[in-house]
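*Asks:* One structure coming up, written as structure tokens, with questions to follow.
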Amino acid sequence: PGQALVHTEHSAWDRYKMPTRVVNALTMRRSRRVFAVSRAVLASMRSSRMRRLAPLDRTEVLYHGVDLTRTVRVEEHRSEARSSLGLGPDTRAVIMVASLTEKKDHNTLLKSFAELRNRVPGVRLCLVGGGPLEGALRAQARDLGLDKAVDFLGVRDDVRRILPAFDALVLPSRHEGLGLVIIEAFAAGIPVVASRVGGIPEIVGDFEGAILVSPGNVQDLT
């Protein structure tokens, strides 16, 4: 009594398996309020075959925010961040922060990065995150001749501190509810290249510090 249940929906409903969609819809009906992390996620709920089970009259969009008091910006911390990662002052470097899973599409990124190295010799790629595809991605990097150009940094709790070290953040996801790391990159002052999927176009808008590309397209990403 007196307690309010709140449900947050982070992914487009067409990405869930049917049993998950049914359980989600039935569970959230007990909630006083449902928050979707983007308009794209809310639209997926409205177009789903499960929409009659969902409490859409109590659902609204609530975007994630970033605590600017904890944000580390490029201007003040670039040298410090680069030193902590062993990056030289003139080294071009790109970062991706995401779980090492199929939906994040590291496969396309590595193919694209191999082409980028031909245009920008010496550029480095740092991958932050863990997941089931780590072994396969390490093998792909070796096969592409990138084993000395790609750093697997694992799961880290200091992403905000190291973001200023990089010249760009890339997020080539095949689907994405929102893409919180993009907001964190913007707050740090880092340009972004990301897929035009899910809620990403909503948070990028017409901001000139970002480029949106077609998902799964190696040339476009390069």
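Each chain in the structure tokens gets a letter, A, B and so on, in the order shown; residues start at 1 in every chain, and ligands are counted from 1 in the order they appear.
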For A:Ala188, please output as a ChimeraX atom specification all residues within 6 Å (counting only C-alpha atoms; exclusion window: fewer than 5 positions along the same chain).

*Replies:* /A:72-74

*Asks:* Can you list, as a short mmCIF file (atom, residue, chain, number, x, y, z; two decimals) with N, CA, C and O atoms, in the first residue's frame, every protein, DNA or RNA residue that comes within 10 Å of stretch 204-211 of chain A when you count only C-alpha atoms, leaving out same-chain residues fewer than 6 positions away?

*Replies:*
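Writing the result to selection14.cif gives the following:
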```cif
data_model
loop_
_atom_site.label_atom_id
_atom_site.label_comp_id
_atom_site.auth_asym_id
_atom_site.auth_seq_id
_atom_site.Cartn_x
_atom_site.Cartn_y
_atom_site.Cartn_z
N ALA A 168 36.94 10.81 -31.56
CA ALA A 168 35.55 10.53 -31.93
C ALA A 168 35.07 9.30 -31.20
O ALA A 168 35.86 8.41 -30.84
N LEU A 169 33.76 9.24 -30.98
CA LEU A 169 33.10 8.04 -30.48
C LEU A 169 32.27 7.47 -31.62
O LEU A 169 31.62 8.22 -32.35
N VAL A 170 32.30 6.15 -31.76
CA VAL A 170 31.52 5.51 -32.82
C VAL A 170 30.57 4.50 -32.20
O VAL A 170 30.91 3.81 -31.24
N ILE A 182 26.24 8.22 -26.32
CA ILE A 182 26.30 9.37 -27.23
C ILE A 182 26.10 10.66 -26.46
O ILE A 182 26.81 11.66 -26.67
N ILE A 183 25.15 10.66 -25.54
CA ILE A 183 24.91 11.84 -24.72
C ILE A 183 26.14 12.14 -23.87
O ILE A 183 26.54 13.29 -23.70
N PHE A 186 28.76 13.74 -26.11
CA PHE A 186 28.44 15.15 -26.37
C PHE A 186 28.81 16.02 -25.17
O PHE A 186 29.36 17.11 -25.32
N GLY A 189 32.36 16.67 -25.08
CA GLY A 189 32.89 17.44 -26.21
C GLY A 189 33.50 16.58 -27.29
O GLY A 189 34.40 17.01 -28.01
N ILE A 190 33.02 15.33 -27.41
CA ILE A 190 33.57 14.37 -28.38
C ILE A 190 32.62 14.23 -29.57
O ILE A 190 31.43 13.96 -29.38
N PRO A 191 33.10 14.37 -30.81
CA PRO A 191 32.26 14.12 -31.99
C PRO A 191 31.80 12.66 -32.04
O PRO A 191 32.47 11.78 -31.48
N VAL A 192 30.70 12.41 -32.71
CA VAL A 192 30.09 11.08 -32.74
C VAL A 192 29.77 10.66 -34.16
O VAL A 192 29.30 11.47 -34.96
N VAL A 193 30.03 9.39 -34.46
CA VAL A 193 29.55 8.76 -35.69
C VAL A 193 28.71 7.56 -35.25
O VAL A 193 29.21 6.69 -34.53
N ALA A 194 27.44 7.54 -35.64
CA ALA A 194 26.55 6.49 -35.14
C ALA A 194 25.54 6.09 -36.20
O ALA A 194 25.29 6.81 -37.16
N SER A 195 24.95 4.92 -35.98
CA SER A 195 23.93 4.42 -36.91
C SER A 195 22.64 5.21 -36.79
O SER A 195 22.26 5.65 -35.70
N ARG A 196 21.97 5.34 -37.90
CA ARG A 196 20.67 6.02 -37.94
C ARG A 196 19.58 5.00 -37.60
O ARG A 196 18.80 4.57 -38.45
N LEU A 221 30.17 3.89 -42.96
CA LEU A 221 30.81 4.07 -41.67
C LEU A 221 32.24 4.57 -41.81
O LEU A 221 32.69 5.43 -41.05
#
```

*Asks:* Determine which residues of stretch 54-176 of chain A receive a DSSP assignment of strand (DSSP E or B), computed from the backbone, and state them as a list in words.

*Replies:* Thr59, Glu60, Val61, Ala93, Val94, Ile95, Met96, Val97, Arg124, Leu125, Cys126, Leu127, Val128, Val150, Asp151, Phe152, Leu153, Gly154, Ala168, Leu169, Val170 and Leu171 of chain A

*Asks:* I need the residues from that last selection saved to file as a short mmCIF file (atom, residue, chain, number, x, y, z; two decimals), in the first residue's frame (with N, CA, C and O atoms), if you can.

*Replies:*
```cif
data_model
loop_
_atom_site.label_atom_id
_atom_site.label_comp_id
_atom_site.auth_asym_id
_atom_site.auth_seq_id
_atom_site.Cartn_x
_atom_site.Cartn_y
_atom_site.Cartn_z
N THR A 59 1.86 5.58 -20.52
CA THR A 59 3.23 5.50 -21.02
C THR A 59 3.64 6.81 -21.67
O THR A 59 2.88 7.39 -22.44
N GLU A 60 4.85 7.27 -21.36
CA GLU A 60 5.37 8.48 -21.97
C GLU A 60 6.88 8.35 -22.15
O GLU A 60 7.52 7.46 -21.58
N VAL A 61 7.44 9.26 -22.94
CA VAL A 61 8.88 9.25 -23.21
C VAL A 61 9.60 10.02 -22.12
O VAL A 61 9.19 11.12 -21.75
N ALA A 93 42.68 8.67 -32.38
CA ALA A 93 42.10 7.53 -31.68
C ALA A 93 40.58 7.63 -31.64
O ALA A 93 40.01 8.72 -31.48
N VAL A 94 39.93 6.49 -31.81
CA VAL A 94 38.48 6.37 -31.83
C VAL A 94 38.07 5.38 -30.74
O VAL A 94 38.76 4.39 -30.51
N ILE A 95 36.93 5.64 -30.09
CA ILE A 95 36.46 4.74 -29.03
C ILE A 95 35.04 4.27 -29.34
O ILE A 95 34.24 5.00 -29.91
N MET A 96 34.77 3.02 -28.96
CA MET A 96 33.41 2.50 -28.97
C MET A 96 33.14 1.92 -27.60
O MET A 96 33.95 1.14 -27.07
N VAL A 97 32.03 2.30 -26.99
CA VAL A 97 31.65 1.80 -25.67
C VAL A 97 30.34 1.05 -25.83
O VAL A 97 29.29 1.64 -26.06
N ARG A 124 44.09 4.61 -34.03
CA ARG A 124 43.84 3.49 -33.12
C ARG A 124 42.36 3.42 -32.78
O ARG A 124 41.65 4.42 -32.81
N LEU A 125 41.93 2.21 -32.44
CA LEU A 125 40.55 1.97 -32.04
C LEU A 125 40.56 1.30 -30.67
O LEU A 125 41.24 0.29 -30.46
N CYS A 126 39.82 1.86 -29.73
CA CYS A 126 39.70 1.28 -28.40
C CYS A 126 38.27 0.82 -28.18
O CYS A 126 37.32 1.60 -28.37
N LEU A 127 38.11 -0.43 -27.81
CA LEU A 127 36.79 -1.02 -27.58
C LEU A 127 36.60 -1.24 -26.09
O LEU A 127 37.34 -2.00 -25.46
N VAL A 128 35.62 -0.56 -25.52
CA VAL A 128 35.30 -0.71 -24.10
C VAL A 128 34.05 -1.54 -23.97
O VAL A 128 33.03 -1.26 -24.62
N VAL A 150 44.02 -2.24 -32.54
CA VAL A 150 42.76 -2.28 -31.78
C VAL A 150 43.05 -2.72 -30.36
O VAL A 150 43.68 -3.76 -30.13
N ASP A 151 42.59 -1.94 -29.40
CA ASP A 151 42.77 -2.26 -27.98
C ASP A 151 41.45 -2.66 -27.37
O ASP A 151 40.47 -1.90 -27.43
N PHE A 152 41.39 -3.84 -26.80
CA PHE A 152 40.22 -4.30 -26.07
C PHE A 152 40.42 -3.92 -24.60
O PHE A 152 41.23 -4.53 -23.91
N LEU A 153 39.70 -2.92 -24.15
CA LEU A 153 39.91 -2.38 -22.81
C LEU A 153 39.04 -3.03 -21.75
O LEU A 153 39.16 -2.70 -20.56
N GLY A 154 38.12 -3.93 -22.15
CA GLY A 154 37.27 -4.60 -21.18
C GLY A 154 36.22 -3.68 -20.59
O GLY A 154 36.00 -2.56 -21.05
N ALA A 168 36.94 10.81 -31.56
CA ALA A 168 35.55 10.53 -31.93
C ALA A 168 35.07 9.30 -31.20
O ALA A 168 35.86 8.41 -30.84
N LEU A 169 33.76 9.24 -30.98
CA LEU A 169 33.10 8.04 -30.48
C LEU A 169 32.27 7.47 -31.62
O LEU A 169 31.62 8.22 -32.35
N VAL A 170 32.30 6.15 -31.76
CA VAL A 170 31.52 5.51 -32.82
C VAL A 170 30.57 4.50 -32.20
O VAL A 170 30.91 3.81 -31.24
N LEU A 171 29.34 4.46 -32.72
CA LEU A 171 28.34 3.50 -32.24
C LEU A 171 27.56 2.99 -33.45
O LEU A 171 26.53 3.55 -33.84
#
```

*Asks:* Could you pull the residues within 10 Å of stretch 62-64 of chain A, counting only C-alpha atoms, minus those fewer than 5 positions along the same chain, as a PyMOL selection string?

*Replies:* chain A and resi 8-9+34-39+178-180+183+199+202-203
